[in-house]
Amino acid sequence: MAFWTYLTISVGLLSLLLSPFLSPRDQHSWFLSLPPDLRLHFSQGKLIKIHPSYQIPFRVFAVESSPAEFSETVLLVPGLACNSFSFRHVMSALRSHGVRAVAIDMPGSGFSERPRVPGSFEDVFAQIKENGIFWAFDQLVETGQAPYEEIRARKNFSPYGPAEIGFVIRKVIREMKLGPVHLVIHDAMLGSGANFVASYPSLVRSVTLLDSSAGLPAFPYWAVGVPVVGRLILKSPSFFTKLMRLCCSRSIDMPAVEHQRLLLLGKDGRKGVVDMAKALNYSFDLRQWKELDGLKEMPIQLLWSNNWSDRWIEEGRQTASALPEGKFTYHSGGRWPQEDNAKEITERIVEFVTSLPKTIRMIINEPSEDLEEKVLVNSGSLHQHEHGYQFGPSLGMYGLGQGFMG
């Protein structure tokens, strides 16, 4: 008891002292500082509330671009450090081809909130900041337990694991009533996206792997993850531009780079990227995955850069050999081809999607609770809640009402 008492007091004092340095920038002012096209992008999307098994709800951002009439829906899952805004040109081009396009910001990326695990140091810090320095001590006196004893029990749990990301994708499909989708998995989201497909093959009409590798993410998360150094990288537009062109896209334009930098710099996006990278399944086996029940007949397409590097071209060949029944096509863009070669990427996706029999839309009438129980999760039982999504301008996520465009 003495140990926990001293630890409680120490954490409380440390939280108070470090609060000015650890507190994120005011979200209202950060949002208003964004370029108009980023704020417009947010206004066109939705925030969908997620109630995961680890109990603290958070919201993910999804945006849709639809023609007046359509029969096919493409769901875009951006890669590590990427986001829905990066796919804006692909989404617009898909709409012009008569295909509905939906893109998600992964948890902790873009406009999506970063998940918080109860009992973690971050959770305790947030509660001490909100409730006062003596809150933790009061908890100790009242319950006989320190409020952060769960830290040790949850140290190996990540809200960014493949099952947790699958939970998010499933929730977006259900809330937006997308029905069977043509799933496009970009970059390092291979393991998480494939885990979702294996869990719910009936919700997926086809899979396109867009320069998607479990072990070789394009974005240099290791650089921005270094304390102080990572922050300095994001604070330097010129250095960040060089890094993006070296690792992601050689011809990405300056405004696009700046948009990515601002989104990583705000809302603690840098930490979200690092946490996501730590949770990636680097040993994911495509051959074993394709042999699972329900996947043997799944149409699969691989779109791969043929001018990035010899190592990356070889990675593409190995991926293709693991999926011999899949359609393999090279493209002339980089690792983030949605930024430098959106037209070609869109044409390949449309050609593949329209070559398949037309999709019959599913009408889901099951209660939300039943659907939630079916989601594959790593641990714990799911809590049943009322769910729903809201539209961007009315959300107040950044303390803004209808006039948030400024």
# chains A, B, ... in the order shown; residues from 1 in each chain; ligands from 1

$ select_by_dssp --residues "range 230-309 of chain A" --states "strand (DSSP E)" --output "number ranges by chain"
A: 300-305

$ residues_around --residues "range 304-321 of chain A" --least-positions-apart "4" --cutoff "6 Å" --atoms "only C-alpha atoms" --output "ChimeraX atom specification"
/A:211,330-334

$ write_last_selection --atoms "N, CA and C atoms" --output "mmCIF file, in the first residue's frame"
data_model
loop_
_atom_site.group_PDB
_atom_site.id
_atom_site.type_symbol
_atom_site.label_atom_id
_atom_site.label_comp_id
_atom_site.auth_asym_id
_atom_site.auth_seq_id
_atom_site.Cartn_x
_atom_site.Cartn_y
_atom_site.Cartn_z
ATOM 1 N N ASP A 211 0.030 -1.724 -53.730
ATOM 2 C CA ASP A 211 1.381 -1.642 -53.163
ATOM 3 C C ASP A 211 1.326 -1.998 -51.678
ATOM 4 N N TYR A 330 1.199 -3.914 -63.093
ATOM 5 C CA TYR A 330 2.115 -2.852 -62.693
ATOM 6 C C TYR A 330 1.495 -1.485 -62.984
ATOM 7 N N HIS A 331 1.903 -0.493 -62.204
ATOM 8 C CA HIS A 331 1.547 0.892 -62.505
ATOM 9 C C HIS A 331 2.825 1.724 -62.450
ATOM 10 N N SER A 332 2.748 2.949 -62.948
ATOM 11 C CA SER A 332 3.945 3.782 -63.075
ATOM 12 C C SER A 332 4.103 4.794 -61.943
ATOM 13 N N GLY A 333 3.294 4.671 -60.890
ATOM 14 C CA GLY A 333 3.396 5.597 -59.773
ATOM 15 C C GLY A 333 4.362 5.118 -58.713
ATOM 16 N N GLY A 334 4.334 5.776 -57.545
ATOM 17 C CA GLY A 334 5.218 5.417 -56.449
ATOM 18 C C GLY A 334 4.532 4.534 -55.424
#

$ atom_distance --atom1 "CA of Asn341 in chain A" --atom2 "CA of Pro255 in chain A"
15.8 Å

$ closest_residue --among "A:Glu175, A:Glu69, A:Asp340, A:Asp37" --to "Ile50 in chain A" --atoms "only C-alpha atoms"
A:Glu175

$ residues_around --residues "Ile360 in chain A" --least-positions-apart "3" --cutoff "10 Å" --atoms "only C-alpha atoms" --output "ChimeraX atom specification"
/A:71-72,179-180,205,357,363

$ atom_distance --atom1 "CA of Gly215 in chain A" --atom2 "CA of Tyr282 in chain A"
4.6 Å

$ select_by_dssp --residues "range 92-316 of chain A" --states "alpha helix (DSSP H)" --output "number ranges by chain"
A: 92-96, 121-131, 135-143, 150-153, 162-175, 190-199, 221-224, 229-235, 237-247, 254-265, 269-279, 286-290, 310-316

$ residues_around --residues "Met176 in chain A" --least-positions-apart "4" --cutoff "10 Å" --atoms "only C-alpha atoms" --output "list of chain:residue names"
A:Lys46, A:Ile48, A:Ala62, A:Val63, A:Glu64, A:Val102, A:Lys171, A:Val172, A:Gly388, A:Tyr389

$ write_last_selection --atoms "all heavy atoms" --output "CSV table (one decimal), in the first residue's frame"
chain,number,residue,atom,x,y,z
A,46,LYS,N,-18.1,12.0,-42.3
A,46,LYS,CA,-18.9,11.6,-41.2
A,46,LYS,C,-17.9,11.1,-40.1
A,46,LYS,O,-16.8,10.6,-40.4
A,46,LYS,CB,-19.8,10.4,-41.5
A,46,LYS,CG,-20.8,10.7,-42.6
A,46,LYS,CD,-21.6,9.4,-42.9
A,46,LYS,CE,-22.7,9.6,-43.9
A,46,LYS,NZ,-22.2,9.9,-45.2
A,48,ILE,N,-17.9,8.4,-37.1
A,48,ILE,CA,-18.6,7.2,-36.7
A,48,ILE,C,-18.1,6.8,-35.3
A,48,ILE,O,-16.9,6.5,-35.2
A,48,ILE,CB,-18.5,6.1,-37.7
A,48,ILE,CG1,-19.1,6.6,-39.0
A,48,ILE,CG2,-19.2,4.8,-37.2
A,48,ILE,CD1,-18.9,5.6,-40.2
A,62,ALA,N,-14.9,9.0,-41.9
A,62,ALA,CA,-15.1,8.3,-43.2
A,62,ALA,C,-15.8,9.4,-44.1
A,62,ALA,O,-16.6,10.2,-43.7
A,62,ALA,CB,-16.0,7.1,-43.1
A,63,VAL,N,-15.4,9.3,-45.4
A,63,VAL,CA,-15.9,10.2,-46.4
A,63,VAL,C,-16.4,9.5,-47.6
A,63,VAL,O,-15.8,8.5,-48.0
A,63,VAL,CB,-14.9,11.3,-46.7
A,63,VAL,CG1,-13.7,10.7,-47.4
A,63,VAL,CG2,-15.5,12.4,-47.6
A,64,GLU,N,-17.4,9.9,-48.3
A,64,GLU,CA,-18.0,9.2,-49.4
A,64,GLU,C,-18.1,10.2,-50.6
A,64,GLU,O,-18.4,11.4,-50.5
A,64,GLU,CB,-19.4,8.8,-49.0
A,64,GLU,CG,-20.2,8.1,-50.1
A,64,GLU,CD,-21.6,7.6,-49.7
A,64,GLU,OE1,-21.8,7.6,-48.5
A,64,GLU,OE2,-22.4,7.3,-50.6
A,102,VAL,N,-15.7,5.2,-50.9
A,102,VAL,CA,-15.7,5.6,-49.5
A,102,VAL,C,-14.3,5.3,-49.0
A,102,VAL,O,-13.6,4.3,-49.3
A,102,VAL,CB,-16.7,4.7,-48.7
A,102,VAL,CG1,-16.6,5.1,-47.2
A,102,VAL,CG2,-18.1,4.9,-49.2
A,171,LYS,N,-17.6,-1.8,-38.6
A,171,LYS,CA,-18.6,-0.7,-38.1
A,171,LYS,C,-18.9,0.3,-39.2
A,171,LYS,O,-20.0,0.7,-39.3
A,171,LYS,CB,-17.9,-0.1,-36.9
A,171,LYS,CG,-18.7,1.1,-36.3
A,171,LYS,CD,-20.0,0.6,-35.6
A,171,LYS,CE,-20.7,1.7,-34.9
A,171,LYS,NZ,-21.9,1.3,-34.1
A,172,VAL,N,-17.9,0.7,-39.9
A,172,VAL,CA,-18.1,1.7,-41.0
A,172,VAL,C,-19.0,1.2,-42.0
A,172,VAL,O,-20.0,1.8,-42.5
A,172,VAL,CB,-16.7,2.1,-41.6
A,172,VAL,CG1,-17.0,3.0,-42.9
A,172,VAL,CG2,-15.9,2.9,-40.6
A,388,GLY,N,-24.5,5.3,-33.8
A,388,GLY,CA,-24.9,6.1,-34.9
A,388,GLY,C,-23.8,7.0,-35.3
A,388,GLY,O,-22.8,7.2,-34.6
A,389,TYR,N,-23.9,7.6,-36.5
A,389,TYR,CA,-22.9,8.5,-37.0
A,389,TYR,C,-23.5,9.9,-37.1
A,389,TYR,O,-24.7,10.0,-37.3
A,389,TYR,CB,-22.2,8.0,-38.3
A,389,TYR,CG,-23.1,7.9,-39.5
A,389,TYR,CD1,-23.6,9.0,-40.2
A,389,TYR,CD2,-23.5,6.6,-39.9
A,389,TYR,CE1,-24.4,8.8,-41.3
A,389,TYR,CE2,-24.4,6.5,-41.0
A,389,TYR,CZ,-24.8,7.6,-41.7
A,389,TYR,OH,-25.6,7.5,-42.7

$ residues_around --residues "range 81-87 of chain A" --least-positions-apart "6" --cutoff "6 Å" --atoms "only C-alpha atoms" --output "list in words"
Ala103, Ile104, Asp105, Gly110, Val273 and Gln338 of chain A

$ write_last_selection --atoms "C-alpha atoms" --output "short mmCIF file (atom, residue, chain, number, x, y, z; two decimals), in the first residue's frame"
data_model
loop_
_atom_site.label_atom_id
_atom_site.label_comp_id
_atom_site.auth_asym_id
_atom_site.auth_seq_id
_atom_site.Cartn_x
_atom_site.Cartn_y
_atom_site.Cartn_z
CA ALA A 103 -12.41 6.15 -47.65
CA ILE A 104 -11.63 5.72 -43.96
CA ASP A 105 -9.11 7.47 -41.75
CA GLY A 110 -6.28 12.06 -40.43
CA VAL A 273 1.30 6.49 -36.58
CA GLN A 338 -2.93 7.83 -55.25
#

$ atom_distance --atom1 "CA of Gln44 in chain A" --atom2 "CA of Phe61 in chain A"
10.3 Å

$ residues_around --residues "Phe42 in chain A" --least-positions-apart "3" --cutoff "8 Å" --atoms "only C-alpha atoms" --output "ChimeraX atom specification"
/A:38-39,45-46,63,111,392

$ write_last_selection --atoms "all heavy atoms" --output "mmCIF file, in the first residue's frame"
data_model
loop_
_atom_site.group_PDB
_atom_site.id
_atom_site.type_symbol
_atom_site.label_atom_id
_atom_site.label_comp_id
_atom_site.auth_asym_id
_atom_site.auth_seq_id
_atom_site.Cartn_x
_atom_site.Cartn_y
_atom_site.Cartn_z
ATOM 1 N N LEU A 38 -8.756 21.148 -46.649
ATOM 2 C CA LEU A 38 -8.801 20.126 -45.612
ATOM 3 C C LEU A 38 -10.072 20.264 -44.776
ATOM 4 O O LEU A 38 -10.716 19.263 -44.431
ATOM 5 C CB LEU A 38 -7.572 20.223 -44.704
ATOM 6 C CG LEU A 38 -6.328 19.417 -45.100
ATOM 7 C CD1 LEU A 38 -5.225 19.629 -44.078
ATOM 8 C CD2 LEU A 38 -6.650 17.945 -45.238
ATOM 9 N N ARG A 39 -10.435 21.490 -44.441
ATOM 10 C CA ARG A 39 -11.652 21.706 -43.666
ATOM 11 C C ARG A 39 -12.891 21.330 -44.479
ATOM 12 O O ARG A 39 -13.856 20.788 -43.946
ATOM 13 C CB ARG A 39 -11.729 23.166 -43.197
ATOM 14 C CG ARG A 39 -10.752 23.479 -42.072
ATOM 15 C CD ARG A 39 -10.894 24.917 -41.612
ATOM 16 N NE ARG A 39 -10.258 25.832 -42.555
ATOM 17 C CZ ARG A 39 -10.592 27.105 -42.702
ATOM 18 N NH1 ARG A 39 -11.582 27.626 -42.006
ATOM 19 N NH2 ARG A 39 -9.948 27.865 -43.554
ATOM 20 N N GLY A 45 -17.493 14.633 -44.781
ATOM 21 C CA GLY A 45 -17.456 13.276 -44.253
ATOM 22 C C GLY A 45 -18.319 13.085 -43.017
ATOM 23 O O GLY A 45 -19.158 13.925 -42.676
ATOM 24 N N LYS A 46 -18.102 11.983 -42.349
ATOM 25 C CA LYS A 46 -18.851 11.589 -41.162
ATOM 26 C C LYS A 46 -17.883 11.132 -40.087
ATOM 27 O O LYS A 46 -16.820 10.597 -40.394
ATOM 28 C CB LYS A 46 -19.803 10.433 -41.474
ATOM 29 C CG LYS A 46 -20.815 10.676 -42.577
ATOM 30 C CD LYS A 46 -21.573 9.393 -42.871
ATOM 31 C CE LYS A 46 -22.680 9.640 -43.891
ATOM 32 N NZ LYS A 46 -22.157 9.868 -45.238
ATOM 33 N N VAL A 63 -15.397 9.299 -45.416
ATOM 34 C CA VAL A 63 -15.935 10.240 -46.391
ATOM 35 C C VAL A 63 -16.368 9.474 -47.632
ATOM 36 O O VAL A 63 -15.757 8.464 -48.002
ATOM 37 C CB VAL A 63 -14.883 11.326 -46.748
ATOM 38 C CG1 VAL A 63 -13.661 10.722 -47.408
ATOM 39 C CG2 VAL A 63 -15.488 12.428 -47.605
ATOM 40 N N PHE A 111 -8.467 12.644 -39.588
ATOM 41 C CA PHE A 111 -9.421 13.254 -38.668
ATOM 42 C C PHE A 111 -9.994 12.253 -37.661
ATOM 43 O O PHE A 111 -10.901 12.604 -36.903
ATOM 44 C CB PHE A 111 -10.569 13.905 -39.457
ATOM 45 C CG PHE A 111 -10.158 15.139 -40.210
ATOM 46 C CD1 PHE A 111 -10.080 15.138 -41.595
ATOM 47 C CD2 PHE A 111 -9.821 16.298 -39.532
ATOM 48 C CE1 PHE A 111 -9.706 16.277 -42.294
ATOM 49 C CE2 PHE A 111 -9.441 17.443 -40.222
ATOM 50 C CZ PHE A 111 -9.378 17.441 -41.606
ATOM 51 N N GLY A 392 -20.213 15.872 -40.322
ATOM 52 C CA GLY A 392 -19.113 16.725 -39.919
ATOM 53 C C GLY A 392 -19.476 18.071 -39.321
ATOM 54 O O GLY A 392 -19.102 18.363 -38.194
#

$ decode --residues "range 65-92 of chain A" --atoms "N, CA and C atoms" --output "compact mmCIF listing (two decimals), in the first residue's frame"
# COMPACT_ATOMS: atom_id res chain seq x y z
N SER A 65 -17.90 9.59 -51.78
CA SER A 65 -18.06 10.32 -53.03
C SER A 65 -18.88 9.42 -53.96
N SER A 66 -20.12 9.82 -54.24
CA SER A 66 -21.04 8.93 -54.95
C SER A 66 -21.66 9.61 -56.17
N PRO A 67 -21.81 8.86 -57.26
CA PRO A 67 -22.60 9.37 -58.40
C PRO A 67 -24.09 9.23 -58.08
N ALA A 68 -24.93 9.77 -58.94
CA ALA A 68 -26.38 9.70 -58.70
C ALA A 68 -26.87 8.26 -58.68
N GLU A 69 -26.31 7.43 -59.55
CA GLU A 69 -26.67 6.02 -59.61
C GLU A 69 -25.40 5.19 -59.63
N PHE A 70 -25.41 4.08 -58.92
CA PHE A 70 -24.23 3.21 -58.89
C PHE A 70 -24.66 1.81 -58.50
N SER A 71 -23.84 0.85 -58.86
CA SER A 71 -24.08 -0.54 -58.44
C SER A 71 -22.91 -1.10 -57.66
N GLU A 72 -21.75 -0.44 -57.75
CA GLU A 72 -20.55 -0.95 -57.07
C GLU A 72 -20.03 0.09 -56.08
N THR A 73 -19.51 -0.41 -54.96
CA THR A 73 -18.93 0.45 -53.93
C THR A 73 -17.50 0.03 -53.65
N VAL A 74 -16.59 0.97 -53.72
CA VAL A 74 -15.19 0.72 -53.42
C VAL A 74 -14.87 1.34 -52.05
N LEU A 75 -14.33 0.53 -51.16
CA LEU A 75 -13.93 1.01 -49.84
C LEU A 75 -12.40 1.07 -49.78
N LEU A 76 -11.87 2.27 -49.58
CA LEU A 76 -10.43 2.50 -49.59
C LEU A 76 -9.89 2.50 -48.16
N VAL A 77 -8.89 1.66 -47.90
CA VAL A 77 -8.26 1.58 -46.59
C VAL A 77 -6.84 2.11 -46.72
N PRO A 78 -6.60 3.37 -46.36
CA PRO A 78 -5.27 3.98 -46.53
C PRO A 78 -4.21 3.31 -45.66
N GLY A 79 -2.97 3.39 -46.12
CA GLY A 79 -1.87 2.75 -45.41
C GLY A 79 -1.36 3.56 -44.23
N LEU A 80 -0.24 3.12 -43.70
CA LEU A 80 0.34 3.74 -42.52
C LEU A 80 0.66 5.21 -42.76
N ALA A 81 0.18 6.09 -41.88
CA ALA A 81 0.39 7.55 -41.92
C ALA A 81 -0.39 8.21 -43.05
N CYS A 82 -1.11 7.42 -43.83
CA CYS A 82 -1.90 7.96 -44.92
C CYS A 82 -3.33 8.23 -44.41
N ASN A 83 -4.17 8.83 -45.24
CA ASN A 83 -5.52 9.15 -44.81
C ASN A 83 -6.44 9.33 -46.01
N SER A 84 -7.71 9.55 -45.72
CA SER A 84 -8.71 9.64 -46.79
C SER A 84 -8.45 10.82 -47.73
N PHE A 85 -7.90 11.91 -47.20
CA PHE A 85 -7.65 13.08 -48.06
C PHE A 85 -6.63 12.74 -49.15
N SER A 86 -5.71 11.86 -48.85
CA SER A 86 -4.72 11.45 -49.83
C SER A 86 -5.36 10.76 -51.04
N PHE A 87 -6.55 10.18 -50.85
CA PHE A 87 -7.24 9.46 -51.93
C PHE A 87 -8.32 10.32 -52.59
N ARG A 88 -8.27 11.63 -52.38
CA ARG A 88 -9.32 12.51 -52.90
C ARG A 88 -9.44 12.43 -54.42
N HIS A 89 -8.31 12.37 -55.13
CA HIS A 89 -8.36 12.31 -56.60
C HIS A 89 -8.90 10.96 -57.08
N VAL A 90 -8.52 9.89 -56.40
CA VAL A 90 -9.04 8.56 -56.75
C VAL A 90 -10.54 8.51 -56.52
N MET A 91 -11.00 9.08 -55.41
CA MET A 91 -12.43 9.06 -55.11
C MET A 91 -13.23 9.85 -56.14
N SER A 92 -12.72 11.01 -56.52
CA SER A 92 -13.40 11.83 -57.51
C SER A 92 -13.46 11.12 -58.86
